[in-house]
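Source file: my_file24.txt (compact mmCIF, C-alpha atoms)
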# COMPACT_ATOMS: atom_id res chain seq x y z
CA MET N 340 -19.46 -15.41 28.10
CA SER N 341 -18.76 -12.07 26.39
CA GLU N 342 -15.06 -12.42 27.27
CA LEU N 343 -14.69 -15.73 25.46
CA PRO N 344 -14.38 -14.43 21.88
CA ALA N 345 -11.80 -11.83 22.95
CA PHE N 346 -9.82 -14.55 24.74
CA TRP N 347 -9.72 -16.78 21.66
CA ALA N 348 -8.87 -13.78 19.48
CA ARG N 349 -5.87 -12.99 21.69
CA LEU N 350 -4.84 -16.65 21.76
CA PHE N 351 -5.03 -17.43 18.04
CA GLY N 352 -5.18 -14.01 16.42
CA GLY N 353 -1.41 -13.79 16.03
CA TRP N 354 -1.03 -17.07 14.13
CA GLY N 355 -1.16 -17.50 10.37
CA VAL N 356 -0.26 -19.81 7.47
CA ASP N 357 0.97 -19.07 3.96
CA HIS N 358 -1.07 -21.82 2.27
CA PRO N 359 -4.45 -22.20 4.03
CA PHE N 360 -5.76 -24.87 1.64
CA VAL N 361 -3.09 -27.30 2.91
CA LEU N 362 -4.81 -27.28 6.31
CA MET N 363 -7.52 -29.55 4.86
CA LEU N 364 -4.96 -32.34 5.18
CA LEU N 365 -5.12 -32.02 8.98
CA ALA N 366 -7.91 -34.60 8.86
CA LEU N 367 -5.17 -37.17 8.17
CA ALA N 368 -3.97 -36.68 11.74
CA LEU N 369 -6.95 -38.81 12.87
CA LEU N 370 -5.70 -41.88 10.99
CA PRO N 371 -3.67 -43.30 13.93
CA LEU N 372 -6.96 -43.66 15.85
CA PHE N 373 -8.24 -46.16 13.27
CA ALA N 374 -5.10 -47.78 11.82
CA THR N 375 -1.66 -48.77 13.02
CA ALA N 376 1.65 -49.74 11.49
CA PHE N 377 2.25 -52.32 14.23
CA ARG N 378 1.25 -55.99 14.06
CA ARG N 379 -2.05 -57.04 15.62
CA ARG N 380 -2.49 -60.57 17.06
CA PRO N 381 -5.94 -62.07 17.59
CA VAL N 382 -6.70 -63.35 21.09
CA PRO N 383 -9.33 -66.15 21.54
CA ALA N 384 -10.70 -64.60 24.73
CA LEU N 385 -9.94 -61.26 26.33
CA VAL N 386 -10.25 -62.84 29.78
CA LEU N 387 -7.07 -64.76 29.01
CA VAL N 388 -5.11 -61.54 28.58
CA PRO N 389 -4.04 -59.88 31.84
CA ASP N 390 -4.77 -56.18 32.24
CA ASP N 391 -1.54 -54.45 31.25
CA VAL N 392 -1.81 -50.72 32.01
CA THR N 393 1.74 -50.06 30.79
CA SER N 394 1.09 -51.62 27.38
CA ARG N 395 -2.15 -49.66 27.03
CA ALA N 396 -0.35 -46.41 27.88
CA VAL N 397 2.43 -47.17 25.38
CA GLY N 398 -0.18 -47.87 22.73
CA TRP N 399 -1.90 -44.51 23.25
CA LEU N 400 1.48 -42.77 23.35
CA LEU N 401 2.35 -44.21 19.94
CA ARG N 402 -1.04 -43.15 18.56
CA ALA N 403 -0.47 -39.64 19.89
CA ALA N 404 3.01 -39.58 18.32
CA GLY N 405 1.51 -40.57 14.97
CA MET N 406 -1.16 -37.86 15.20
CA LEU N 407 1.45 -35.27 16.21
CA ALA N 408 3.77 -36.24 13.34
CA LEU N 409 1.01 -35.87 10.74
CA ALA N 410 -0.34 -32.60 12.19
CA ALA N 411 3.13 -31.04 12.47
CA LEU N 412 4.00 -32.10 8.93
CA VAL N 413 0.83 -30.51 7.55
CA LEU N 414 1.39 -27.28 9.50
CA GLY N 415 4.95 -27.10 8.22
CA LEU N 416 3.79 -27.55 4.62
CA ALA N 417 1.13 -24.86 5.19
CA GLY N 418 3.81 -22.36 6.26
CA LEU N 419 2.88 -21.84 9.90
CA HIS N 420 4.11 -18.53 11.30
CA ARG N 421 3.52 -15.97 14.02
CA ARG N 422 2.28 -12.73 12.47
CA GLU N 423 3.95 -9.37 12.97
CA GLN N 424 2.41 -7.74 16.01
CA SER N 425 2.27 -4.32 17.63
CA ILE N 426 2.22 -4.51 21.42
CA GLN N 427 1.56 -1.48 23.60
CA ARG N 428 3.95 -1.25 26.53
CA VAL N 429 4.74 1.26 29.25
CA GLY N 430 8.26 2.58 29.76
CA THR N 431 10.03 5.84 30.50
CA GLY N 432 10.87 8.50 27.96
CA ALA N 433 9.44 11.39 25.97
CA HIS N 434 8.63 12.71 22.52
CA LEU N 435 11.63 14.81 21.52
CA VAL N 436 12.47 17.12 18.65
CA LEU N 437 16.18 17.76 18.18
CA LEU N 438 16.66 21.23 16.68
CA LEU N 439 20.20 21.44 15.30
CA ASP N 440 22.14 24.52 14.27
CA ARG N 441 23.74 24.03 10.84
CA SER N 442 25.42 27.41 10.53
CA SER N 443 29.05 27.48 9.44
CA SER N 444 30.25 28.47 12.94
CA MET N 445 29.35 24.96 14.14
CA ASP N 446 32.23 23.66 11.99
CA ASN N 447 34.70 25.42 14.32
CA SER N 448 36.10 24.05 17.54
CA PHE N 449 35.19 25.41 20.96
CA ALA N 450 38.25 27.62 20.61
CA GLY N 451 36.49 29.47 17.78
CA ARG N 452 38.74 28.27 14.93
CA ALA N 453 39.05 25.33 12.55
CA PRO N 454 39.78 22.07 14.43
CA ALA N 455 43.45 21.05 14.53
CA GLY N 456 45.03 17.82 15.63
CA ASP N 457 42.75 15.81 17.87
CA GLN N 458 40.28 18.68 18.37
CA GLU N 459 36.61 18.17 17.56
CA SER N 460 34.38 20.70 15.88
CA LYS N 461 31.25 21.65 17.77
CA SER N 462 29.09 19.82 15.23
CA THR N 463 31.21 16.64 15.50
CA ALA N 464 31.03 16.67 19.31
CA ALA N 465 27.28 17.24 19.16
CA ARG N 466 26.84 14.41 16.66
CA ARG N 467 28.77 11.95 18.83
CA LEU N 468 27.08 12.86 22.11
CA LEU N 469 23.56 13.12 20.68
CA GLY N 470 24.01 9.68 19.11
CA ASP N 471 24.85 8.27 22.55
CA PHE N 472 21.88 10.16 24.02
CA VAL N 473 19.44 8.58 21.54
CA ALA N 474 20.94 5.11 22.07
CA ARG N 475 20.22 5.38 25.82
CA ARG N 476 16.53 6.19 25.22
CA PRO N 477 15.02 3.27 23.30
CA HIS N 478 11.39 4.18 24.06
CA ASP N 479 11.46 7.80 22.85
CA ARG N 480 9.85 9.06 19.69
CA ILE N 481 12.31 11.48 18.17
CA GLY N 482 12.13 14.01 15.37
CA VAL N 483 14.97 16.03 13.85
CA SER N 484 14.92 19.59 12.46
CA ALA N 485 17.75 21.88 11.47
CA PHE N 486 18.25 25.54 10.66
CA SER N 487 20.80 27.92 9.23
CA THR N 488 19.72 30.50 6.65
CA SER N 489 16.27 28.86 6.74
CA PRO N 490 14.61 26.03 8.73
CA MET N 491 14.97 22.49 7.37
CA PRO N 492 12.62 19.64 8.35
CA VAL N 493 14.74 16.49 8.50
CA LEU N 494 12.69 13.79 10.21
CA PRO N 495 9.22 13.70 11.80
CA LEU N 496 8.61 12.05 15.16
CA THR N 497 9.49 8.38 14.82
CA ASP N 498 10.43 5.38 16.92
CA HIS N 499 12.85 4.07 14.25
CA HIS N 500 16.04 5.06 15.99
CA ASP N 501 18.33 3.82 13.23
CA VAL N 502 16.85 6.54 11.00
CA VAL N 503 17.30 9.09 13.80
CA GLN N 504 20.95 8.09 14.16
CA ALA N 505 21.43 8.57 10.41
CA ALA N 506 19.90 12.06 10.63
CA ILE N 507 22.17 12.98 13.55
CA ALA N 508 25.21 11.62 11.69
CA ALA N 509 24.61 14.17 8.93
CA ILE N 510 24.83 17.27 11.14
CA ASP N 511 28.59 17.66 10.77
CA ARG N 512 28.35 18.37 7.05
CA PRO N 513 29.57 21.87 6.09
CA GLY N 514 26.97 24.44 7.09
CA LEU N 515 25.76 27.79 5.78
CA ALA N 516 26.48 31.29 7.02
CA PHE N 517 23.41 32.50 8.93
CA THR N 518 21.42 31.43 12.00
CA ASP N 519 17.65 31.83 11.69
CA VAL N 520 16.86 30.30 15.08
CA GLY N 521 13.37 31.87 15.31
CA ARG N 522 11.91 30.04 12.34
CA GLY N 523 13.82 26.94 13.39
CA LEU N 524 12.01 26.98 16.75
CA ALA N 525 8.68 27.46 14.97
CA LEU N 526 9.42 24.40 12.83
CA ALA N 527 10.36 22.32 15.91
CA LEU N 528 7.13 23.22 17.74
CA ALA N 529 5.13 22.43 14.62
CA GLY N 530 6.61 18.91 14.78
CA PHE N 531 4.17 18.13 17.62
CA ALA N 532 1.08 19.20 15.66
CA GLY N 533 -0.09 15.65 15.01
CA ASP N 534 0.98 14.27 18.41
CA THR N 535 -2.22 13.63 20.40
CA THR N 536 -0.71 11.34 23.05
CA ASP N 537 -0.24 12.28 26.70
CA ALA N 538 3.53 11.77 26.51
CA SER N 539 5.96 14.39 27.71
CA ARG N 540 7.13 16.64 24.86
CA ALA N 541 10.46 18.39 24.67
CA VAL N 542 12.51 20.44 22.21
CA LEU N 543 16.30 20.27 22.50
CA LEU N 544 17.91 23.24 20.75
CA VAL N 545 21.62 22.69 19.99
CA SER N 546 23.23 25.92 18.80
CA ASP N 547 26.36 28.01 19.21
CA GLY N 548 24.73 31.36 18.54
CA ALA N 549 21.61 33.31 17.72
CA ALA N 550 20.36 36.20 15.63
CA LEU N 551 17.61 38.77 15.94
CA ILE N 552 14.11 37.25 15.83
CA ASP N 553 11.54 39.20 13.89
CA ARG N 554 8.65 40.47 16.02
CA ARG N 555 6.11 38.57 13.93
CA VAL N 556 8.09 35.36 14.44
CA GLN N 557 8.18 36.08 18.18
CA GLU N 558 4.40 36.37 18.28
CA ALA N 559 4.04 33.15 16.29
CA LEU N 560 6.35 31.38 18.76
CA ARG N 561 4.37 32.66 21.75
CA ASP N 562 1.16 31.40 20.15
CA ALA N 563 2.69 27.99 19.34
CA ALA N 564 4.09 27.63 22.88
CA ALA N 565 0.66 28.44 24.37
CA ARG N 566 -0.98 25.74 22.24
CA THR N 567 1.74 23.10 22.66
CA PRO N 568 2.72 22.01 26.19
CA VAL N 569 6.43 21.39 25.77
CA HIS N 570 9.68 21.44 27.73
CA LEU N 571 12.35 23.55 26.11
CA TYR N 572 16.11 23.01 26.48
CA TRP N 573 18.86 25.11 24.93
CA LEU N 574 22.32 23.57 24.75
CA PHE N 575 24.44 26.64 23.99
CA LEU N 576 27.85 25.62 22.58
CA ARG N 577 29.78 28.75 23.50
CA SER N 578 33.16 29.47 21.96
CA ARG N 579 35.79 30.32 24.57
CA GLY N 580 36.10 34.05 25.04
CA SER N 581 32.65 34.89 23.64
CA PRO N 582 29.90 36.43 25.84
CA GLY N 583 27.82 33.94 27.82
CA ILE N 584 24.04 33.89 27.94
CA PHE N 585 24.07 34.31 31.73
CA ASP N 586 26.45 37.27 31.70
CA VAL N 587 24.86 40.67 32.32
CA PRO N 588 26.61 43.35 30.21
CA PRO N 589 27.15 46.93 31.39
CA PRO N 590 24.20 49.35 31.17
CA GLY N 591 23.66 50.65 27.67
CA GLU N 592 25.27 47.61 26.03
CA ASP N 593 22.53 45.07 26.76
CA THR N 594 20.80 45.17 23.38
CA PRO N 595 19.62 42.36 21.07
CA GLN N 596 22.00 43.58 18.39
CA ALA N 597 25.03 43.43 20.71
CA ASN N 598 24.06 40.27 22.65
CA PRO N 599 21.68 38.18 20.52
CA GLU N 600 22.37 34.96 22.46
CA ARG N 601 21.53 36.53 25.82
CA HIS N 602 18.35 38.06 24.44
CA LEU N 603 17.33 34.74 22.88
CA HIS N 604 17.75 33.25 26.36
CA LEU N 605 15.54 35.99 27.84
CA PHE N 606 12.94 35.49 25.12
CA LEU N 607 12.77 31.72 25.69
CA GLN N 608 12.30 32.38 29.41
CA SER N 609 9.29 34.55 28.59
CA LEU N 610 7.44 31.89 26.55
CA GLY N 611 5.68 30.47 29.62
CA VAL N 612 6.90 26.89 29.14
CA PRO N 613 9.36 24.93 31.29
CA TYR N 614 12.75 26.07 30.00
CA ARG N 615 16.34 25.43 30.93
CA ALA N 616 19.57 26.56 29.28
CA PHE N 617 22.95 24.84 29.43
CA GLU N 618 26.20 26.61 28.53
CA ALA N 619 29.02 24.34 27.37
CA THR N 620 32.54 25.36 26.36
CA SER N 621 33.97 21.85 25.82
CA PRO N 622 32.85 18.39 24.68
CA GLU N 623 32.93 17.28 28.33
CA ALA N 624 30.54 20.08 29.30
CA VAL N 625 28.25 19.08 26.42
CA ALA N 626 28.23 15.49 27.67
CA GLN N 627 27.36 16.66 31.19
CA ALA N 628 24.50 18.82 29.92
CA ILE N 629 23.05 16.03 27.77
CA ALA N 630 23.26 13.62 30.72
CA ASP N 631 21.32 16.14 32.83
CA ILE N 632 18.61 16.42 30.15
CA ASP N 633 18.52 12.63 29.94
CA ARG N 634 17.78 12.39 33.67
CA GLN N 635 15.02 14.98 33.53
CA GLU N 636 13.06 13.48 30.64
CA THR N 637 12.25 10.11 32.23
CA ARG N 638 8.48 10.25 32.68
CA PRO N 639 6.17 7.26 32.05
CA ILE N 640 5.35 6.83 28.38
CA ARG N 641 3.25 4.39 26.40
CA TYR N 642 5.01 3.06 23.34
CA ILE N 643 4.35 0.50 20.64
CA GLU N 644 6.76 -2.42 20.36
CA ARG N 645 6.75 -4.09 16.96
CA VAL N 646 7.38 -7.84 17.07
CA PRO N 647 8.47 -9.09 13.62
CA ARG N 648 6.98 -12.15 11.93
CA ARG N 649 8.40 -15.45 13.16
CA ASP N 650 8.55 -18.45 10.81
CA LEU N 651 7.50 -21.65 12.63
CA ALA N 652 7.57 -24.08 9.69
CA ARG N 653 11.03 -25.38 10.58
CA MET N 654 9.95 -25.95 14.16
CA ALA N 655 6.91 -27.89 12.93
CA PHE N 656 9.11 -30.10 10.71
CA ALA N 657 11.48 -30.69 13.65
CA ILE N 658 8.58 -31.81 15.86
CA ALA N 659 7.36 -34.12 13.08
CA ALA N 660 10.85 -35.61 12.76
CA VAL N 661 11.05 -36.33 16.52
CA ALA N 662 7.61 -37.96 16.51
CA VAL N 663 8.48 -40.10 13.46
CA GLY N 664 11.77 -41.06 15.12
CA LEU N 665 9.87 -42.27 18.18
CA LEU N 666 7.57 -44.38 15.98
CA LEU N 667 10.57 -45.80 14.11
CA LEU N 668 12.25 -46.84 17.34
CA ALA N 669 9.05 -48.53 18.48
CA LYS N 670 8.76 -50.34 15.14
CA LEU N 671 12.36 -51.58 15.34
CA ALA N 672 11.72 -52.83 18.89
CA GLU N 673 8.66 -54.82 17.76
CA ARG N 674 8.96 -58.64 17.96
CA ASP N 675 7.03 -61.35 16.13
CA LEU N 676 5.51 -63.36 19.00
CA ALA N 677 4.61 -66.31 16.79
CA SER N 678 8.20 -66.73 15.58
CA HIS N 679 9.44 -66.35 19.12
CA ALA N 680 7.05 -69.06 20.39
CA ALA N 681 8.13 -71.48 17.61
CA ALA N 682 11.77 -70.93 18.53
CA VAL N 683 10.98 -71.64 22.16
CA ARG N 684 9.27 -74.93 21.26
CA ALA N 685 12.24 -75.93 19.07
CA GLN N 686 14.52 -75.46 22.06
CA GLY N 687 12.44 -77.75 24.26
CA GLY N 688 10.59 -74.99 26.01
CA ARG N 689 13.60 -72.83 26.58
CA ALA N 690 14.17 -69.47 25.03
CA PRO N 691 16.84 -69.62 22.27
CA VAL N 692 20.30 -68.61 23.47
CA ARG N 693 22.58 -66.72 21.15
CA GLU N 694 25.90 -68.48 20.83
CA ALA N 695 29.05 -66.52 21.42
CA ALA N 696 31.21 -65.92 18.38
File written out as structure tokens:
Amino acid sequence: MSELPAFWARLFGGWGVDHPFVLMLLALALLPLFATAFRRRPVPALVLVPDDVTSRAVGWLLRAAGMLALAALVLGLAGLHRREQSIQRVGTGAHLVLLLDRSSSMDNSFAGRAPAGDQESKSTAARRLLGDFVARRPHDRIGVSAFSTSPMPVLPLTDHHDVVQAAIAAIDRPGLAFTDVGRGLALALAGFAGDTTDASRAVLLVSDGAALIDRRVQEALRDAAARTPVHLYWLFLRSRGSPGIFDVPPPGEDTPQANPERHLHLFLQSLGVPYRAFEATSPEAVAQAIADIDRQETRPIRYIERVPRRDLARMAFAIAAVAVGLLLLAKLAERDLASHAAAVRAQGGRAPVREAA
């Protein structure tokens, strides 16, 4: 018996009306049980009337139609609707923070100069491909952060993907000169501070370069990575001809000052979290890297689906109209038996025949 209230709550909890006081008129739906719009004829003795199951069924059908018409009309006037609901579902996805480089070098093409002709800048290619990436992952919660001279929080974790798309669309605006990737990473990791779910978490760093990270910032990043289980991806948009993050320079030249991107790669490897770097020198390579990340972040995730309010007043009025139409047809088909019997007697016991025109 303890399950009964929960069952009724699930069954009727999502329904509502705009004008509850109108529901008092639902008592009028009982009128067809006590009154009828059809003619009644007295019978001297019920034993003279044969048992007509069909007629009895039609009679109850018409009563039910009358009750339905009145009830539907009242519910329509009361503003019947299905309330907005939040339904927990299980899908595949992750909680992602997109960390976007907004330094001025992102405004160049992969050739390392201003785009010409049909060339895309690195920021434009990233905007287009990240937009497609988000569109393919409807169950993710996604946040957006950016960095150049300083870190910039753009959007906290959210499941409103239209807002995420708007944030991504703004990344090809002209950027600033410097690349403070260390504090940008700290901001991205802080984006998971209020996330207490068991969903997979990931940071996707999109950058075409790096700079020296202060030792204090390094320690703060190590501490944040130890407290926040996260997958880390770096999509390195390398200009053609520049050193790669996987290239090992000659002895004596492998310093953070000379190769900041390579040493950022080595530092991210040392954080103790799952990390993978992708090096792309063209929009096609960026697309391939993003597709690879998309395939990896497909773990089960619980998400909330919001079902908007649904107005049911029009449906109620339509049901009332159908029921009234059925009653009207029955009323038009009704015949006066007394008049019919008199016509039969006037014809000498034969039913009157309609003459052809």
Would you pick out the contacts of range 550-557 of chain N at 10 Å or less, using all atoms listed in the file, so that residues sharing its chain but fewer than 3 positions from it are not included, and give the list as a compact mmCIF listing (two decimals) with C-alpha atoms, in the coordinates of the input?
# COMPACT_ATOMS: atom_id res chain seq x y z
CA PHE N 517 23.41 32.50 8.93
CA THR N 518 21.42 31.43 12.00
CA ASP N 519 17.65 31.83 11.69
CA VAL N 520 16.86 30.30 15.08
CA GLY N 521 13.37 31.87 15.31
CA ARG N 522 11.91 30.04 12.34
CA LEU N 524 12.01 26.98 16.75
CA ALA N 525 8.68 27.46 14.97
CA LEU N 560 6.35 31.38 18.76
CA ARG N 561 4.37 32.66 21.75
CA ASP N 562 1.16 31.40 20.15
CA ALA N 563 2.69 27.99 19.34
CA PRO N 595 19.62 42.36 21.07
CA GLN N 596 22.00 43.58 18.39
CA ALA N 597 25.03 43.43 20.71
CA ASN N 598 24.06 40.27 22.65
CA PRO N 599 21.68 38.18 20.52
CA GLU N 600 22.37 34.96 22.46
CA HIS N 602 18.35 38.06 24.44
CA LEU N 603 17.33 34.74 22.88
CA PHE N 606 12.94 35.49 25.12
CA LEU N 607 12.77 31.72 25.69
CA LEU N 610 7.44 31.89 26.55
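In this model, the gap between CA of Gln458 in chain N and CA of Phe486 in chain N comes to 24.3 Å.
CA of Ala657 in chain N lies 22.8 Å from CA of Ala672 in chain N.
Distance check against Leu414 in chain N using all atoms listed in the file: of N:Pro371, N:Gly470, N:Pro477, N:Gly355, the minimum falls on N:Gly355.
CA of Ala509 in chain N is positioned 29.3 Å from CA of Arg641 in chain N.
Using only C-alpha atoms, the shortest contact distance between Ala652 in chain N and any of N:Gly432, N:Gly418, N:Gly405, N:Pro590 is found at N:Gly418.
The residues that lie within 8 Å of the point (19.0, 24.8, 17.6), counting only C-alpha atoms, are Leu437, Leu438, Leu439, Asp440, Ala485, Phe486, Val520, Gly523, Leu524, Leu543, Leu544, Val545, Ser546, Trp573 and Leu574 of chain N.
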Contact residues around Leu369 in chain N with only C-alpha atoms at 10 Å, ignoring same-chain residues under 3 positions, as a compact mmCIF listing (two decimals) with C-alpha atoms, in the coordinates of the input:
# COMPACT_ATOMS: atom_id res chain seq x y z
CA LEU N 365 -5.12 -32.02 8.98
CA ALA N 366 -7.91 -34.60 8.86
CA LEU N 372 -6.96 -43.66 15.85
CA PHE N 373 -8.24 -46.16 13.27
CA ALA N 374 -5.10 -47.78 11.82
CA ARG N 402 -1.04 -43.15 18.56
CA ALA N 403 -0.47 -39.64 19.89
CA GLY N 405 1.51 -40.57 14.97
CA MET N 406 -1.16 -37.86 15.20
CA LEU N 407 1.45 -35.27 16.21
CA LEU N 409 1.01 -35.87 10.74
CA ALA N 410 -0.34 -32.60 12.19
What are the closest atom pairs, with distances in Å to one decimal, for all residues of range 614-667 of chain N lying within 12 Å of range 442-451 of chain N? Consider all atoms listed in the file, order rows by chain and residue number, and present the result as CSV.
residue,atom,partner,partner_atom,distance
N:Glu618,CA,N:Phe449,CA,11.8
N:Ala619,CA,N:Phe449,CA,9.0
N:Thr620,CA,N:Phe449,CA,6.0
N:Ser621,CA,N:Phe449,CA,6.1
N:Pro622,CA,N:Phe449,CA,8.3
N:Glu623,CA,N:Phe449,CA,11.2
N:Ala624,CA,N:Phe449,CA,10.9
N:Val625,CA,N:Phe449,CA,10.9
- Message: List the spatial neighbours of Ala564 in chain N as a VMD selection string - criterion: any atom at most 12 Å away, only C-alpha atoms, same-chain residues fewer than 6 positions off excluded.
- Response: chain N and resid 524 to 529 531 to 532 540 to 542 557 to 558 570 to 571 607 to 614
- Query: So which residues touch Val413 in chain N within 7 Å, counting all atoms listed in the file, skipping near sequence neighbours fewer than 5 positions away, as a VMD selection string?
  - Reply: chain N and resid 361 to 362 364 to 365
Expected file: the selected residues, C-alpha atoms, as a PDB file, in the coordinates of the input:
ATOM      1  CA  VAL N 361      -3.090 -27.300   2.910  1.00  0.00           C
ATOM      2  CA  LEU N 362      -4.810 -27.280   6.310  1.00  0.00           C
ATOM      3  CA  LEU N 364      -4.960 -32.340   5.180  1.00  0.00           C
ATOM      4  CA  LEU N 365      -5.120 -32.020   8.980  1.00  0.00           C
TER       5      LEU N 365
END
- Query: So which residues touch Ala626 in chain N within 9 Å, counting all atoms listed in the file, skipping near sequence neighbours fewer than 5 positions away, as a ChimeraX atom specification?
  - Reply: /N:464-465,468-469,619,621,631
- Item | Nearest to Leu416 in chain N by atom-to-atom distance, counting only C-alpha atoms, from N:Ala559, N:Val436, N:Val661, N:Ala655 | N:Ala655
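Minimum atom-to-atom distances from N:Leu370, N:Ser489, N:Phe472, N:His478 to Ala628 in chain N were compared using all atoms listed in the file, and the lowest value belongs to N:Phe472.
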Starting from the incomplete input, reconstruct N, CA and C atoms of range 426-443 of chain N and report them as a short mmCIF file (atom, residue, chain, number, x, y, z; two decimals), in the coordinates of the input.
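Below you can see result_7.cif, which holds the result:
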data_model
loop_
_atom_site.label_atom_id
_atom_site.label_comp_id
_atom_site.auth_asym_id
_atom_site.auth_seq_id
_atom_site.Cartn_x
_atom_site.Cartn_y
_atom_site.Cartn_z
N ILE N 426 2.60 -4.34 20.03
CA ILE N 426 2.22 -4.51 21.42
C ILE N 426 2.44 -3.19 22.15
N GLN N 427 1.43 -2.72 22.83
CA GLN N 427 1.56 -1.48 23.60
C GLN N 427 2.20 -1.78 24.95
N ARG N 428 3.25 -1.06 25.26
CA ARG N 428 3.95 -1.25 26.53
C ARG N 428 4.12 0.10 27.22
N VAL N 429 4.52 0.05 28.47
CA VAL N 429 4.74 1.26 29.25
C VAL N 429 6.21 1.30 29.67
N GLY N 430 6.87 2.40 29.37
CA GLY N 430 8.26 2.58 29.76
C GLY N 430 8.49 3.99 30.25
N THR N 431 9.71 4.46 30.14
CA THR N 431 10.03 5.84 30.50
C THR N 431 10.66 6.51 29.30
N GLY N 432 10.31 7.78 29.09
CA GLY N 432 10.87 8.50 27.96
C GLY N 432 10.04 9.71 27.64
N ALA N 433 10.13 10.17 26.39
CA ALA N 433 9.44 11.39 25.97
C ALA N 433 9.38 11.42 24.46
N HIS N 434 8.61 12.38 23.94
CA HIS N 434 8.63 12.71 22.52
C HIS N 434 9.52 13.93 22.37
N LEU N 435 10.60 13.77 21.62
CA LEU N 435 11.63 14.81 21.52
C LEU N 435 11.79 15.28 20.09
N VAL N 436 12.03 16.57 19.93
CA VAL N 436 12.47 17.12 18.65
C VAL N 436 13.85 17.72 18.86
N LEU N 437 14.83 17.22 18.12
CA LEU N 437 16.18 17.76 18.18
C LEU N 437 16.28 18.87 17.13
N LEU N 438 16.54 20.08 17.57
CA LEU N 438 16.66 21.23 16.68
C LEU N 438 18.14 21.60 16.60
N LEU N 439 18.75 21.37 15.44
CA LEU N 439 20.20 21.44 15.30
C LEU N 439 20.62 22.63 14.46
N ASP N 440 21.57 23.37 14.97
CA ASP N 440 22.14 24.52 14.27
C ASP N 440 23.10 24.01 13.19
N ARG N 441 22.86 24.44 11.92
CA ARG N 441 23.74 24.03 10.84
C ARG N 441 24.47 25.23 10.23
N SER N 442 24.66 26.27 11.02
CA SER N 442 25.42 27.41 10.53
C SER N 442 26.91 27.06 10.47
N SER N 443 27.65 27.81 9.68
CA SER N 443 29.05 27.48 9.44
C SER N 443 29.90 27.57 10.71
#
